[in-house]
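Participant: Quick one: this structure, given as structure tokens, is what I'll be asking you about.
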Amino acid sequence: MDLFEDLQGLMIRHHFKPDKKLSQFFCVNEALLQFLVNEAKLSPKDTVLEIGPGTGFLTKRLLEKCRVVAIERDEIMTELLSKEFEKEILSGKLRLINSDVLETDIDALGVNKIVSLPPYHISSKLVGKIVLTNSIDLAVLVFDTGFVQKLIAFEGLSEYGSLSAFLNLNAKVEALEKIEAGSFFPTPNCVSEVVKMTFARKNNSNEYLTFLKELFRHKNKDLNRGLIQALVFLVKEIGWKMEYEKKFSKLKSTDKKVYALSPKELLDVYEEVLGKKTVKAKNSKKKQTKENKATKGAAKKVSKKNK
């Protein structure tokens, strides 16, 4: 029996049909599910988060590898899963949560990886939330390919935005495989794509994300002008000071357009305005001075011995 027949059986047995308002497009492609599991490189030591498990086709394959925490917003799907995976829930292998993932504290779940085919209508908010967490090492997700192009966009491209800069600063992002619409039921009006995120966070604070979102509202301005126009909002939202404007014209990339700045350059701007670069430089000089003194001391000892 293939997955489409399994889906039909579940729809009859549990009396439901896909709810397009919740972006319910159920995967009926066995090879795709296995591909997602393989890319996550799961081991028994992992605890993986699945967002929007739906009928549990992916859940079943994840459970073969490790413990699973599944968050499902739809009450009908939650009831279905509680019956289909009763044994796994009782044993503690599966934790099933009926909730909205956007209102859930992911760091508190005890998960270190995410493997999911999440609802497409929450894509942007979901990725932002995942980057803001500190517990996730790796995520393998499926999105609309148009959205994936925004995630992998680099500076200078029209798709490049605040989320692109925030994600790529904090993770290695790879578009892995495009998926034909026929892999889902009902068939979505788009091509989907698998994206893999391997996290190495440099600044995933909410304050920094707020800074990027506001600055990219002026993405076609040069940096100096963009910062000036964003300043009032940043003073109100993240505690910047109006006197920071004096620093803007002295920044290295002040004449570059906002959309032409790389994720690393944008972080440099943020830290330089806040004075964090100066602090790092001072600490570096102190460290270098200590090292120089130590080197000189060692040289004197060697000189005395030679005499």
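By convention here, the chains of the structure tokens are called A, B, ... in the order presented, each chain's residues are numbered starting at 1, and ligands are numbered starting at 1 in the order presented.
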Show me, as a Markdown table, the residues of range 17-98 of chain A having an atom within 10 Å of range 177-180 of chain A, each with the closest atom pair and its distance in Å, using only C-alpha atoms.

Facilitator:
| residue | atom | partner | partner_atom | distance |
| --- | --- | --- | --- | --- |
| A:Asn29 | CA | A:Ile179 | CA | 9.6 |
| A:Leu32 | CA | A:Ile179 | CA | 8.2 |
| A:Phe35 | CA | A:Glu177 | CA | 9.4 |

Participant: Put those residues in a file: N, CA and C atoms, as a PDB file, in the first residue's frame.

Facilitator:
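The new file out.pdb reads:
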ATOM      1  N   ASN A  29       4.916  11.148  -0.737  1.00  0.00           N
ATOM      2  CA  ASN A  29       6.134  10.734  -1.439  1.00  0.00           C
ATOM      3  C   ASN A  29       7.077  10.080  -0.436  1.00  0.00           C
ATOM      4  N   LEU A  32      10.763  11.204  -0.490  1.00  0.00           N
ATOM      5  CA  LEU A  32      11.001  12.526   0.099  1.00  0.00           C
ATOM      6  C   LEU A  32      11.133  12.419   1.618  1.00  0.00           C
ATOM      7  N   PHE A  35      14.411  11.003   2.474  1.00  0.00           N
ATOM      8  CA  PHE A  35      15.463  11.972   2.181  1.00  0.00           C
ATOM      9  C   PHE A  35      15.625  12.957   3.341  1.00  0.00           C
TER      10      PHE A  35
END

Participant: Near Ser123 in chain A, within 12 Å and counting only C-alpha atoms, which residues show up once chain neighbours fewer than 3 positions away are dropped, as a CSV table (one decimal) with C-alpha atoms, in the first residue's frame?

Facilitator:
chain,number,residue,atom,x,y,z
A,23,SER,CA,-1.8,24.9,4.6
A,51,ILE,CA,6.2,21.0,13.2
A,101,VAL,CA,4.6,26.5,17.3
A,102,LEU,CA,4.8,30.3,17.0
A,116,SER,CA,9.5,19.1,9.2
A,117,LEU,CA,7.2,19.9,6.4
A,118,PRO,CA,5.7,22.9,8.1
A,119,PRO,CA,2.6,24.9,7.0
A,120,TYR,CA,3.8,27.3,4.3
A,126,LEU,CA,8.9,30.2,11.7
A,127,VAL,CA,12.4,30.7,10.3
A,128,GLY,CA,12.8,33.9,12.3
A,129,LYS,CA,11.7,32.0,15.5
A,130,ILE,CA,14.1,29.1,14.8
A,141,LEU,CA,12.7,21.8,6.3
A,142,VAL,CA,10.4,22.0,3.2
A,143,PHE,CA,9.1,25.3,1.9
A,144,ASP,CA,7.8,27.0,-1.2
A,145,THR,CA,10.8,27.3,-3.5
A,146,GLY,CA,10.2,31.0,-3.9
A,147,PHE,CA,10.6,31.4,-0.1
A,148,VAL,CA,13.8,29.3,-0.2
A,150,LYS,CA,14.9,34.4,-0.2
A,151,LEU,CA,16.6,32.3,2.5
A,163,LEU,CA,15.6,37.5,7.1

Participant: Enumerate as a PyMOL selection string all residues of range 41-270 of chain A assigned to strand (DSSP E) by DSSP on the backbone, naming them with the chain letters and numbers the document uses.

Facilitator: chain A and resi 47-51+67-72+94-98+113-116+138-144+171-179+184-185+192-199

Participant: Keeping only C-alpha atoms, write those residues as a JSON list (two decimals), in the first residue's frame.

Facilitator:
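Output file part_29.json follows:
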[["chain", "number", "residue", "atom", "x", "y", "z"],
["A", 47, "THR", "CA", 15.58, 14.70, 20.14],
["A", 48, "VAL", "CA", 13.95, 16.05, 17.01],
["A", 49, "LEU", "CA", 11.13, 18.58, 16.68],
["A", 50, "GLU", "CA", 8.47, 18.04, 14.03],
["A", 51, "ILE", "CA", 6.24, 21.01, 13.24],
["A", 67, "ARG", "CA", 12.84, 10.63, 20.33],
["A", 68, "VAL", "CA", 10.34, 13.05, 18.76],
["A", 69, "VAL", "CA", 8.50, 16.14, 19.98],
["A", 70, "ALA", "CA", 5.60, 16.91, 17.61],
["A", 71, "ILE", "CA", 3.64, 20.18, 17.70],
["A", 72, "GLU", "CA", 0.28, 20.11, 15.94],
["A", 94, "LEU", "CA", 6.85, 10.66, 21.30],
["A", 95, "ARG", "CA", 5.69, 13.85, 22.98],
["A", 96, "LEU", "CA", 2.63, 15.25, 21.24],
["A", 97, "ILE", "CA", 1.70, 18.90, 21.85],
["A", 98, "ASN", "CA", -1.54, 20.49, 20.64],
["A", 113, "LYS", "CA", 17.19, 19.24, 15.62],
["A", 114, "ILE", "CA", 14.15, 20.03, 13.50],
["A", 115, "VAL", "CA", 12.84, 17.92, 10.63],
["A", 116, "SER", "CA", 9.51, 19.09, 9.24],
["A", 138, "LEU", "CA", 20.37, 21.64, 12.57],
["A", 139, "ALA", "CA", 17.07, 22.00, 10.72],
["A", 140, "VAL", "CA", 15.84, 20.23, 7.59],
["A", 141, "LEU", "CA", 12.65, 21.83, 6.29],
["A", 142, "VAL", "CA", 10.42, 21.99, 3.22],
["A", 143, "PHE", "CA", 9.13, 25.34, 1.93],
["A", 144, "ASP", "CA", 7.80, 26.96, -1.23],
["A", 171, "ALA", "CA", 23.76, 29.40, 9.92],
["A", 172, "LYS", "CA", 25.06, 27.67, 6.84],
["A", 173, "VAL", "CA", 22.03, 27.47, 4.52],
["A", 174, "GLU", "CA", 21.75, 24.93, 1.70],
["A", 175, "ALA", "CA", 18.96, 24.42, -0.84],
["A", 176, "LEU", "CA", 19.05, 20.65, -1.36],
["A", 177, "GLU", "CA", 16.29, 19.37, -3.60],
["A", 178, "LYS", "CA", 13.27, 20.68, -5.50],
["A", 179, "ILE", "CA", 10.02, 18.76, -5.07],
["A", 184, "PHE", "CA", 1.55, 16.24, -1.91],
["A", 185, "PHE", "CA", -2.19, 15.83, -1.52],
["A", 192, "SER", "CA", 8.55, 23.06, -3.03],
["A", 193, "GLU", "CA", 12.17, 22.74, -1.97],
["A", 194, "VAL", "CA", 14.17, 21.14, 0.85],
["A", 195, "VAL", "CA", 16.44, 23.50, 2.76],
["A", 196, "LYS", "CA", 19.05, 22.59, 5.35],
["A", 197, "MET", "CA", 20.29, 24.96, 8.07],
["A", 198, "THR", "CA", 23.38, 24.17, 10.14],
["A", 199, "PHE", "CA", 23.66, 26.68, 12.97]]

Participant: Taking only range 33-180 of chain A into account, list the residues labelled helix (DSSP H, G or I) by DSSP (computed from the backbone), as a count of residues only.

Facilitator: 67

Participant: Kindly indicate which residue among A:Met242, A:Lys219, A:Pro186, A:Leu33 lies nearest to Glu159 in chain A, using only C-alpha atoms for the distances.

Facilitator: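 Ranked by minimum distance to Glu159 in chain A, first place goes to A:Lys219.
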
Participant: Work out how far CA of Ile122 in chain A is from CA of Pro263 in chain A, in Å to one decimal.

Facilitator: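 Answer for the CA of Pro263 in chain A to CA of Ile122 in chain A separation: 23.4 Å.
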
Participant: Which residues come within 8 Å of range 243-256 of chain A, counting only C-alpha atoms, excluding same-chain residues fewer than 6 positions away, as an MDAnalysis selection string?

Facilitator: chainID A and resid 222:224 227:228 231 265 269 272:273

Participant: Restricted to N, CA and C atoms, what would the selected residues look like written as an mmCIF file, in the first residue's frame?

Facilitator:
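Produced file again_37.cif, reproduced below:
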data_model
loop_
_atom_site.group_PDB
_atom_site.id
_atom_site.type_symbol
_atom_site.label_atom_id
_atom_site.label_comp_id
_atom_site.auth_asym_id
_atom_site.auth_seq_id
_atom_site.Cartn_x
_atom_site.Cartn_y
_atom_site.Cartn_z
ATOM 1 N N ASP A 222 21.471 54.532 0.760
ATOM 2 C CA ASP A 222 22.818 54.243 1.222
ATOM 3 C C ASP A 222 22.763 54.076 2.733
ATOM 4 N N LEU A 223 23.775 53.423 3.307
ATOM 5 C CA LEU A 223 23.748 53.052 4.724
ATOM 6 C C LEU A 223 23.511 54.253 5.637
ATOM 7 N N ASN A 224 24.211 55.341 5.389
ATOM 8 C CA ASN A 224 24.079 56.528 6.240
ATOM 9 C C ASN A 224 22.640 57.025 6.278
ATOM 10 N N LEU A 227 20.228 54.462 8.025
ATOM 11 C CA LEU A 227 20.330 54.493 9.487
ATOM 12 C C LEU A 227 19.639 55.714 10.076
ATOM 13 N N ILE A 228 19.792 56.862 9.413
ATOM 14 C CA ILE A 228 19.149 58.094 9.886
ATOM 15 C C ILE A 228 17.629 57.927 9.882
ATOM 16 N N LEU A 231 16.505 55.515 12.704
ATOM 17 C CA LEU A 231 16.943 55.801 14.069
ATOM 18 C C LEU A 231 15.806 56.025 15.059
ATOM 19 N N GLU A 265 28.998 42.347 7.224
ATOM 20 C CA GLU A 265 29.135 43.808 7.215
ATOM 21 C C GLU A 265 28.029 44.467 8.028
ATOM 22 N N VAL A 269 28.395 46.877 11.345
ATOM 23 C CA VAL A 269 27.748 48.183 11.496
ATOM 24 C C VAL A 269 27.046 48.263 12.850
ATOM 25 N N GLU A 272 29.589 48.389 15.678
ATOM 26 C CA GLU A 272 30.363 49.626 15.685
ATOM 27 C C GLU A 272 29.536 50.783 16.235
ATOM 28 N N VAL A 273 28.268 50.839 15.855
ATOM 29 C CA VAL A 273 27.386 51.892 16.364
ATOM 30 C C VAL A 273 27.224 51.768 17.879
#

Participant: Might you pull out every residue within 7 Å of Asn220 in chain A, with only C-alpha atoms counted and same-chain residues fewer than 4 positions away left off, and present them as a ChimeraX atom specification?

Facilitator: /A:257-259

Participant: Take the residues that were just selected and, keeping N, CA and C atoms, output them as an mmCIF file, in the first residue's frame.

Facilitator:
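This went into out20.cif:
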data_model
loop_
_atom_site.group_PDB
_atom_site.id
_atom_site.type_symbol
_atom_site.label_atom_id
_atom_site.label_comp_id
_atom_site.auth_asym_id
_atom_site.auth_seq_id
_atom_site.Cartn_x
_atom_site.Cartn_y
_atom_site.Cartn_z
ATOM 1 N N LYS A 257 24.821 50.847 -0.547
ATOM 2 C CA LYS A 257 23.395 50.631 -0.356
ATOM 3 C C LYS A 257 23.184 49.547 0.702
ATOM 4 N N VAL A 258 22.110 49.655 1.433
ATOM 5 C CA VAL A 258 21.819 48.680 2.489
ATOM 6 C C VAL A 258 21.765 47.270 1.923
ATOM 7 N N TYR A 259 21.115 47.093 0.768
ATOM 8 C CA TYR A 259 20.955 45.755 0.195
ATOM 9 C C TYR A 259 22.271 45.178 -0.339
#

Participant: Considering only C-alpha atoms, can you say which of A:Ala200, A:Ala153, A:Val191, A:Ala108 comes closest to Asn170 in chain A?

Facilitator: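 Among the listed residues, the smallest separation from Asn170 in chain A belongs to A:Ala200.
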